[in-house]
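Below is one structure; the comments refer to it alone.
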Amino acid sequence: MTRTSVLNQIHLLLPPKDSSKSTEFNLRLRDQDCLSLLKRCKSMEEFKQVHAQMLKLGLHCDSFCSNNLVASCALSNWGSMDYACSIFRQIEDPDTFVFNTMIRGHAKDASFEEAFLLYYEMFDRGIEPDNFTYPALLKACARRRALEKGMQIHGHIFKLGLEVDVFVQNSLISMYGKCGKIELACDVFELMDQKTVASWSAIIGAHASLGLWCECLMLFGEMNREGCWRAEESILVSVLSACTRLGSFDLGRCTHGSLLRNISGINVIVETSLLDMYVKSGCLEKGLSIFQNMAKKNQFSYTVMISGLAMHGRSREALKVFSEMLEEGMVPDDVVYVGVLSACSHAGLVKEGLQCFDRMKYEHGIDPTSQHYGCLVDLMGQAGMLNEASELINSMPIEPNDVVWRSLLSACKVHHNLALGEIAAKNLGQLKSQNPSDYVILSNMYARAQRWEDVARIRTEMVDKGIEQKPGCSLVEVKRKVHKFVSQDMSHPQCHGIHEMIHQMEWQLKFEGYSPDTSQVLLKADEEEKRERLKAHSQKLAIAFALIHTSWGSPIRIARNLRMCSDCHTYTKYISMIYEREITVRDRYRFHHFKNGTCSCSDYW
Ligand code: ZN
Ligand code: ZN
């Protein structure tokens, strides 16, 4: 609406010269006009004009008009809280509605103190808060992570008997969730008589924000069972993140379907979570097609795509997407550069990596963090440039942290440099790192060098420090259920069938020329025992289970916690050929796509 048309509208507000209608009718008519005029304002300038006309007409004394004036000034995107305050202060007898509006406005502006001052003023003036007062206050508490204040407000709500109001309950759940008090959020949720989509969204979001992914999916299932099918965007984003973290790809794909059915026009945040889900579930192609068809991409979408390509070993393409991002005029931040540098390190692109590092420092003015140095040490170390990597660490302008030393340690393991590995481990020890894998790597390096006394020393040190080694585990999804397998653990209910399958697989493998690489078992044990242990690596159990329970030719997706050993790598390559299955394995750092007896990493990992 143009300025002139607003003024024309105001013209219509003027009282007709020879009105035969009753004043009351006129006033009501003007009330409605006033509201529709305010709704059309697009800037403070227009608003001030409407306000001036209303003052002239004396409409500001009408509480309906003054309340709406305050509301549009306080809550509109173009509004101004200062101006809203000045109108508010001229109202002689403000009611609950206008107080609520002002509190909401302050909460929206993140003015925590002002919102609470007004709330206390309500009590001073004897104006009773209602169910619309509290959601804004609770939202302000959530933003500030002000748990104590939030609990105090909860007390007031209880006293006023408003704890049964669904809006108030939903806000309480979100507040407790944001403040990290998930039990309290659950208490409120369970006591609800009537749960709305917003209630489910609040409780699922609360679990997601704390990384409680299994609970997220359980709640989502419960929500569906209770017949609440119309999930909103925020729920689906939480569910997608949960699927991504848990490797539950089938459910993720269903969620995508549900999004397409129920929500028109998916926004960039949801699209980016979908992209993240597909890429991290091993479906890089699907992720790429989503990325290419996105109407709008932000910094985060580019970051997800670049790190995704890096994880899949498609480093050249990652660098291409990075160039596209720069061409689009986006300014890269430190997070994007972590993706770019790790892309280089996954493919051994040493020259490109060093160039990117310089570009980050000099062209984009980003001071490298330990994470960037970690990537660079990884890049050089994996490529066998251990001395250069070590020199880089010594020349760092910031104190090297555990990430940096850990990168050196893993490189030393790959290239069997025990002397340098010991230095890296010593530095990790001085940093009081409690990461069990650091100890395990060093101990494995000693075992490989047959230095059993040192192996024993490391094990004792771990026990003394109370550091427990995490067992290797693999997750595999079969018929929308995620099954977990732990190395050497035969407690799965179908362990008998799995055993038989492993036995059968072994026959086929032998026939094709596979022989187990027992040097991967770093224990002082005889060959036979080593072979038995190798057979029970979690990845092999997961593959056997998936082969039994999925139809011929369907792909197998595995997510694992630790880096796989080279025997599992060879084994899986053979299985992909013998059973004609595409097998995707994701560890914490990257993906391996096994197909027809080869792996996408070309054995560089
Ligand atoms: Zn293994
Ligand atoms: Zn591989």
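Numbering starts fresh at 1 for the residues of each chain in the structure tokens, the chains themselves are lettered A, B, ... in the order given, and ligands are numbered from 1 as they appear.
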
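Excluding Ser63 in chain A itself and any same-chain residue fewer than 3 positions from it, the protein and nucleic acid residues within 10 Å of it, counting only C-alpha atoms, are Asp31, Leu59, His60, Ser66, Asn67, Asn68, Leu69, Ile91, Glu92, Asp93, Pro94, Asp95 and Val98 of chain A.
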
Could you save the residues just selected, with C-alpha atoms, as a PDB file, in the first residue's frame?
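Result saved to result.pdb:
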```pdb
ATOM      1  CA  ASP A  31     -12.958   0.809  15.310  1.00  0.00           C
ATOM      2  CA  LEU A  59      -9.918   7.585  18.886  1.00  0.00           C
ATOM      3  CA  HIS A  60      -6.901   7.082  21.141  1.00  0.00           C
ATOM      4  CA  SER A  66      -5.284   2.186  21.721  1.00  0.00           C
ATOM      5  CA  ASN A  67      -4.691  -1.513  22.342  1.00  0.00           C
ATOM      6  CA  ASN A  68      -4.402  -2.125  18.631  1.00  0.00           C
ATOM      7  CA  LEU A  69      -2.096   0.839  18.219  1.00  0.00           C
ATOM      8  CA  ILE A  91      -3.112   4.874  28.399  1.00  0.00           C
ATOM      9  CA  GLU A  92      -4.847   5.798  31.630  1.00  0.00           C
ATOM     10  CA  ASP A  93      -6.220   2.440  32.531  1.00  0.00           C
ATOM     11  CA  PRO A  94      -4.208  -0.293  30.797  1.00  0.00           C
ATOM     12  CA  ASP A  95      -5.729  -3.779  30.862  1.00  0.00           C
ATOM     13  CA  VAL A  98      -2.129  -4.336  26.527  1.00  0.00           C
TER      14      VAL A  98
END
```

Need to verify the contact set: His537 in chain A, 12 Å, only C-alpha atoms, exclusion of same-chain residues closer than 5 positions in sequence. Can you return it as a PyMOL selection string?
chain A and resi 471-474+485-490+502+520-521+530-532+542-544+560+562-569+571-572

For ligand 2, collect every residue having any atom at a distance of at most 8 Å from a ligand atom (counting only C-alpha atoms and all ligand atoms); output as a list in words.
His569, Phe591, His592, His593, Phe594, Thr598, Cys599, Ser600, Cys601, Ser602, Asp603, Tyr604 and Trp605 of chain A

Would you mind exporting the chosen residues as a PDB file, in the first residue's frame, restricted to C-alpha atoms?
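So out28.pdb came out as:
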```pdb
ATOM      1  CA  HIS A 569      37.878 -53.368   4.718  1.00  0.00           C
ATOM      2  CA  PHE A 591      32.182 -43.131   4.093  1.00  0.00           C
ATOM      3  CA  HIS A 592      33.307 -46.238   2.277  1.00  0.00           C
ATOM      4  CA  HIS A 593      31.125 -47.402  -0.610  1.00  0.00           C
ATOM      5  CA  PHE A 594      31.834 -51.033  -1.420  1.00  0.00           C
ATOM      6  CA  THR A 598      36.227 -52.293  -4.719  1.00  0.00           C
ATOM      7  CA  CYS A 599      35.859 -49.371  -2.359  1.00  0.00           C
ATOM      8  CA  SER A 600      35.209 -45.712  -3.208  1.00  0.00           C
ATOM      9  CA  CYS A 601      38.152 -44.669  -1.033  1.00  0.00           C
ATOM     10  CA  SER A 602      40.552 -46.445  -3.431  1.00  0.00           C
ATOM     11  CA  ASP A 603      42.162 -47.769  -0.248  1.00  0.00           C
ATOM     12  CA  TYR A 604      43.333 -44.262   0.754  1.00  0.00           C
ATOM     13  CA  TRP A 605      41.943 -43.851   4.268  1.00  0.00           C
TER      14      TRP A 605
END
```

DSSP on the backbone: what in range 331-580 of chain A comes out helix (DSSP H, G or I), as a ChimeraX atom specification?
/A:334-347,350-363,370-382,386-394,402-414,418-430,436-448,452-464,495-512,518-520,527-535,538-549,566-578

Just-selected residues, C-alpha atoms written as a short mmCIF file (atom, residue, chain, number, x, y, z; two decimals), in the first residue's frame:
```cif
data_model
loop_
_atom_site.label_atom_id
_atom_site.label_comp_id
_atom_site.auth_asym_id
_atom_site.auth_seq_id
_atom_site.Cartn_x
_atom_site.Cartn_y
_atom_site.Cartn_z
CA ASP A 334 35.87 -20.93 9.67
CA VAL A 335 33.40 -23.84 9.61
CA VAL A 336 33.30 -24.01 5.80
CA TYR A 337 37.09 -24.06 5.78
CA VAL A 338 37.13 -27.07 8.10
CA GLY A 339 35.07 -28.88 5.43
CA VAL A 340 37.31 -27.69 2.62
CA LEU A 341 40.53 -28.70 4.40
CA SER A 342 39.18 -32.08 5.39
CA ALA A 343 38.14 -32.64 1.75
CA CYS A 344 41.77 -32.12 0.79
CA SER A 345 43.01 -34.43 3.52
CA HIS A 346 40.59 -37.27 2.60
CA ALA A 347 42.06 -37.44 -0.89
CA VAL A 350 48.40 -31.69 -0.25
CA LYS A 351 49.09 -28.81 -2.64
CA GLU A 352 45.44 -27.75 -2.81
CA GLY A 353 45.09 -28.02 0.96
CA LEU A 354 48.03 -25.73 1.61
CA GLN A 355 46.67 -23.24 -0.93
CA CYS A 356 43.26 -23.22 0.78
CA PHE A 357 44.91 -22.71 4.15
CA ASP A 358 46.75 -19.63 2.86
CA ARG A 359 43.63 -18.34 1.18
CA MET A 360 41.71 -18.63 4.42
CA LYS A 361 44.35 -16.67 6.32
CA TYR A 362 45.25 -13.97 3.83
CA GLU A 363 42.25 -13.58 1.54
CA SER A 370 43.23 -25.80 16.23
CA GLN A 371 40.68 -27.60 14.11
CA HIS A 372 42.18 -26.16 10.92
CA TYR A 373 45.68 -27.08 12.05
CA GLY A 374 44.33 -30.54 12.88
CA CYS A 375 43.10 -30.91 9.28
CA LEU A 376 46.43 -29.75 7.92
CA VAL A 377 48.43 -32.11 10.14
CA ASP A 378 46.07 -34.88 9.06
CA LEU A 379 46.57 -33.95 5.40
CA MET A 380 50.35 -34.00 5.63
CA GLY A 381 50.48 -36.96 7.99
CA GLN A 382 48.22 -39.22 5.93
CA LEU A 386 55.28 -36.85 9.09
CA ASN A 387 58.28 -34.61 9.67
CA GLU A 388 56.63 -31.69 7.89
CA ALA A 389 53.50 -32.23 9.99
CA SER A 390 55.58 -32.25 13.15
CA GLU A 391 57.36 -29.04 12.09
CA LEU A 392 54.00 -27.40 11.42
CA ILE A 393 52.89 -28.20 14.96
CA ASN A 394 56.06 -26.67 16.38
CA ASP A 402 44.46 -32.56 21.55
CA VAL A 403 42.88 -32.52 18.06
CA VAL A 404 46.23 -31.56 16.53
CA TRP A 405 48.28 -34.12 18.45
CA ARG A 406 45.67 -36.80 17.80
CA SER A 407 45.94 -36.19 14.04
CA LEU A 408 49.69 -36.69 14.26
CA LEU A 409 49.27 -39.81 16.36
CA SER A 410 46.90 -41.45 13.86
CA ALA A 411 49.22 -40.57 10.99
CA CYS A 412 52.10 -42.17 12.88
CA LYS A 413 50.02 -45.30 13.26
CA VAL A 414 49.31 -45.48 9.53
CA LEU A 418 56.61 -45.28 16.69
CA ALA A 419 59.15 -42.65 17.79
CA LEU A 420 57.04 -39.71 16.64
CA GLY A 421 53.88 -41.47 17.82
CA GLU A 422 55.32 -41.61 21.33
CA ILE A 423 55.93 -37.84 21.25
CA ALA A 424 52.35 -37.20 20.13
CA ALA A 425 51.00 -39.52 22.84
CA LYS A 426 53.17 -37.84 25.49
CA ASN A 427 51.75 -34.46 24.55
CA LEU A 428 48.22 -35.83 24.68
CA GLY A 429 48.98 -37.16 28.14
CA GLN A 430 50.17 -33.73 29.25
CA PRO A 436 40.55 -43.97 25.24
CA SER A 437 41.40 -44.25 21.53
CA ASP A 438 44.67 -42.32 22.08
CA TYR A 439 45.84 -45.02 24.47
CA VAL A 440 44.57 -47.79 22.24
CA ILE A 441 46.44 -46.47 19.21
CA LEU A 442 49.71 -46.25 21.10
CA SER A 443 49.20 -49.64 22.65
CA ASN A 444 48.47 -51.11 19.21
CA MET A 445 51.64 -49.55 17.85
CA TYR A 446 53.63 -51.20 20.66
CA ALA A 447 51.85 -54.49 19.98
CA ARG A 448 52.79 -54.32 16.32
CA TRP A 452 54.39 -56.44 25.05
CA GLU A 453 55.72 -54.85 28.22
CA ASP A 454 54.84 -51.41 26.92
CA VAL A 455 51.41 -52.73 25.90
CA ALA A 456 50.86 -53.92 29.47
CA ARG A 457 52.13 -50.57 30.86
CA ILE A 458 49.60 -48.63 28.75
CA ARG A 459 46.75 -50.95 29.80
CA THR A 460 47.62 -50.47 33.47
CA GLU A 461 47.81 -46.72 32.99
CA MET A 462 44.32 -46.79 31.49
CA VAL A 463 42.95 -48.76 34.42
CA ASP A 464 44.66 -46.42 36.92
CA CYS A 495 23.19 -64.98 17.34
CA HIS A 496 22.86 -68.59 16.19
CA GLY A 497 21.69 -67.64 12.70
CA ILE A 498 24.36 -64.96 12.45
CA HIS A 499 27.04 -67.47 13.34
CA GLU A 500 25.88 -69.83 10.67
CA MET A 501 25.83 -67.05 8.13
CA ILE A 502 29.39 -66.00 9.05
CA HIS A 503 30.49 -69.57 8.58
CA GLN A 504 28.85 -69.72 5.17
CA MET A 505 30.38 -66.40 4.16
CA GLU A 506 33.80 -67.62 5.17
CA TRP A 507 33.59 -70.55 2.79
CA GLN A 508 32.73 -68.28 -0.10
CA LEU A 509 35.45 -65.81 0.87
CA LYS A 510 38.10 -68.50 1.01
CA PHE A 511 37.02 -69.72 -2.39
CA GLU A 512 37.56 -66.21 -3.80
CA THR A 518 45.60 -61.56 11.70
CA SER A 519 48.16 -58.78 12.12
CA GLN A 520 45.09 -56.63 12.79
CA GLU A 527 46.75 -67.63 15.22
CA GLU A 528 43.54 -69.59 15.78
CA GLU A 529 42.34 -67.29 18.57
CA LYS A 530 43.26 -64.25 16.47
CA ARG A 531 41.17 -65.61 13.58
CA GLU A 532 38.20 -66.13 15.89
CA ARG A 533 38.44 -62.60 17.23
CA LEU A 534 38.72 -61.15 13.74
CA LYS A 535 35.55 -62.98 12.70
CA SER A 538 31.05 -55.82 14.82
CA GLN A 539 30.97 -54.86 11.16
CA LYS A 540 31.05 -58.51 10.08
CA LEU A 541 28.23 -59.39 12.49
CA ALA A 542 26.17 -56.52 11.11
CA ILE A 543 26.78 -57.56 7.50
CA ALA A 544 25.81 -61.18 8.25
CA PHE A 545 22.61 -60.04 9.93
CA ALA A 546 21.72 -57.75 7.03
CA LEU A 547 22.40 -60.47 4.46
CA ILE A 548 19.96 -62.78 6.27
CA HIS A 549 17.20 -60.22 6.70
CA SER A 566 41.98 -53.15 7.27
CA ASP A 567 40.80 -56.74 7.53
CA CYS A 568 37.17 -55.61 7.71
CA HIS A 569 37.88 -53.37 4.72
CA THR A 570 39.17 -56.25 2.59
CA TYR A 571 36.46 -58.60 3.84
CA THR A 572 33.69 -56.14 2.93
CA LYS A 573 35.15 -55.59 -0.53
CA TYR A 574 34.93 -59.36 -1.19
CA ILE A 575 31.40 -59.63 0.26
CA SER A 576 30.16 -56.81 -2.00
CA MET A 577 31.32 -58.86 -4.97
CA ILE A 578 30.26 -62.34 -3.84
#
```

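Using only C-alpha atoms for every distance, the candidate list A:Leu275, A:His416, A:Thr255, A:Met218 yields A:Leu275 as the residue closest to Met294 in chain A.
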
State, in Å with one decimal place, the distance from CA of Ala559 in chain A to CA of His483 in chain A.
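Computed distance, CA of Ala559 in chain A to CA of His483 in chain A, equals 10.5 Å.
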
Give me, as a ChimeraX atom specification, all polymer residues having an atom no more than 10 Å from Trp78 in chain A, counting only C-alpha atoms and skipping those fewer than 4 positions away in the same chain.
/A:41-45,47,72-74

Neighbours of Lys286 in chain A within 12 Å (only C-alpha atoms; same-chain residues fewer than 6 positions away dropped), as number ranges by chain?
A: 253, 256, 274-280, 292-293, 305, 308

Asp165 in chain A environment, 12 Å, only C-alpha atoms, sequence neighbours closer than 3 positions dropped, as a PyMOL selection string:
chain A and resi 130-135+157-158+160-162+168-172+188-189+191-196+199

Selected residues written out, C-alpha atoms, as an mmCIF file, in the first residue's frame:
```
data_model
loop_
_atom_site.group_PDB
_atom_site.id
_atom_site.type_symbol
_atom_site.label_atom_id
_atom_site.label_comp_id
_atom_site.auth_asym_id
_atom_site.auth_seq_id
_atom_site.Cartn_x
_atom_site.Cartn_y
_atom_site.Cartn_z
ATOM 1 C CA ASP A 130 -3.752 -14.547 32.176
ATOM 2 C CA ASN A 131 -2.779 -17.498 29.968
ATOM 3 C CA PHE A 132 -1.431 -15.124 27.306
ATOM 4 C CA THR A 133 0.950 -13.408 29.731
ATOM 5 C CA TYR A 134 3.051 -16.472 30.430
ATOM 6 C CA PRO A 135 4.140 -17.884 27.072
ATOM 7 C CA ILE A 157 1.209 -20.151 37.030
ATOM 8 C CA PHE A 158 0.344 -22.863 39.489
ATOM 9 C CA LEU A 160 -3.255 -18.791 39.381
ATOM 10 C CA GLY A 161 -4.526 -22.189 38.258
ATOM 11 C CA LEU A 162 -3.191 -21.691 34.738
ATOM 12 C CA VAL A 168 1.170 -22.293 28.984
ATOM 13 C CA GLN A 169 2.057 -25.982 29.183
ATOM 14 C CA ASN A 170 3.709 -25.951 25.748
ATOM 15 C CA SER A 171 5.787 -22.930 26.739
ATOM 16 C CA LEU A 172 6.816 -24.589 29.999
ATOM 17 C CA VAL A 188 4.706 -31.161 32.315
ATOM 18 C CA PHE A 189 4.151 -33.097 29.096
ATOM 19 C CA LEU A 191 0.373 -34.307 32.923
ATOM 20 C CA MET A 192 -1.248 -32.759 29.866
ATOM 21 C CA ASP A 193 -4.849 -33.787 29.216
ATOM 22 C CA GLN A 194 -4.850 -32.618 25.667
ATOM 23 C CA LYS A 195 -1.681 -32.630 23.599
ATOM 24 C CA THR A 196 -1.586 -30.442 20.515
ATOM 25 C CA SER A 199 3.032 -29.830 22.510
#
```

For CA of His312 in chain A and CA of Ser234 in chain A, quote the distance in Å rounded to one decimal.
28.2 Å

What separation in Å, quoted to one decimal, exists between CA of Gly221 in chain A and CA of Ser281 in chain A?
20.4 Å

Which residue is closest to Gly466 in chain A? Choose from A:Ala202, A:Val478, A:Asn435, A:Ile153 and count only C-alpha atoms.
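Of A:Ala202, A:Val478, A:Asn435, A:Ile153, the one nearest Gly466 in chain A, counting only C-alpha atoms, is A:Asn435.
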
Non-local contacts of Ser111 in chain A (10 Å; only C-alpha atoms; under 6 positions in same chain excluded) as a list of chain:residue names
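Once the nearby chain positions are removed, what remains is A:Met81, A:Ile103, A:Arg104, A:Gly105, A:Ala140.
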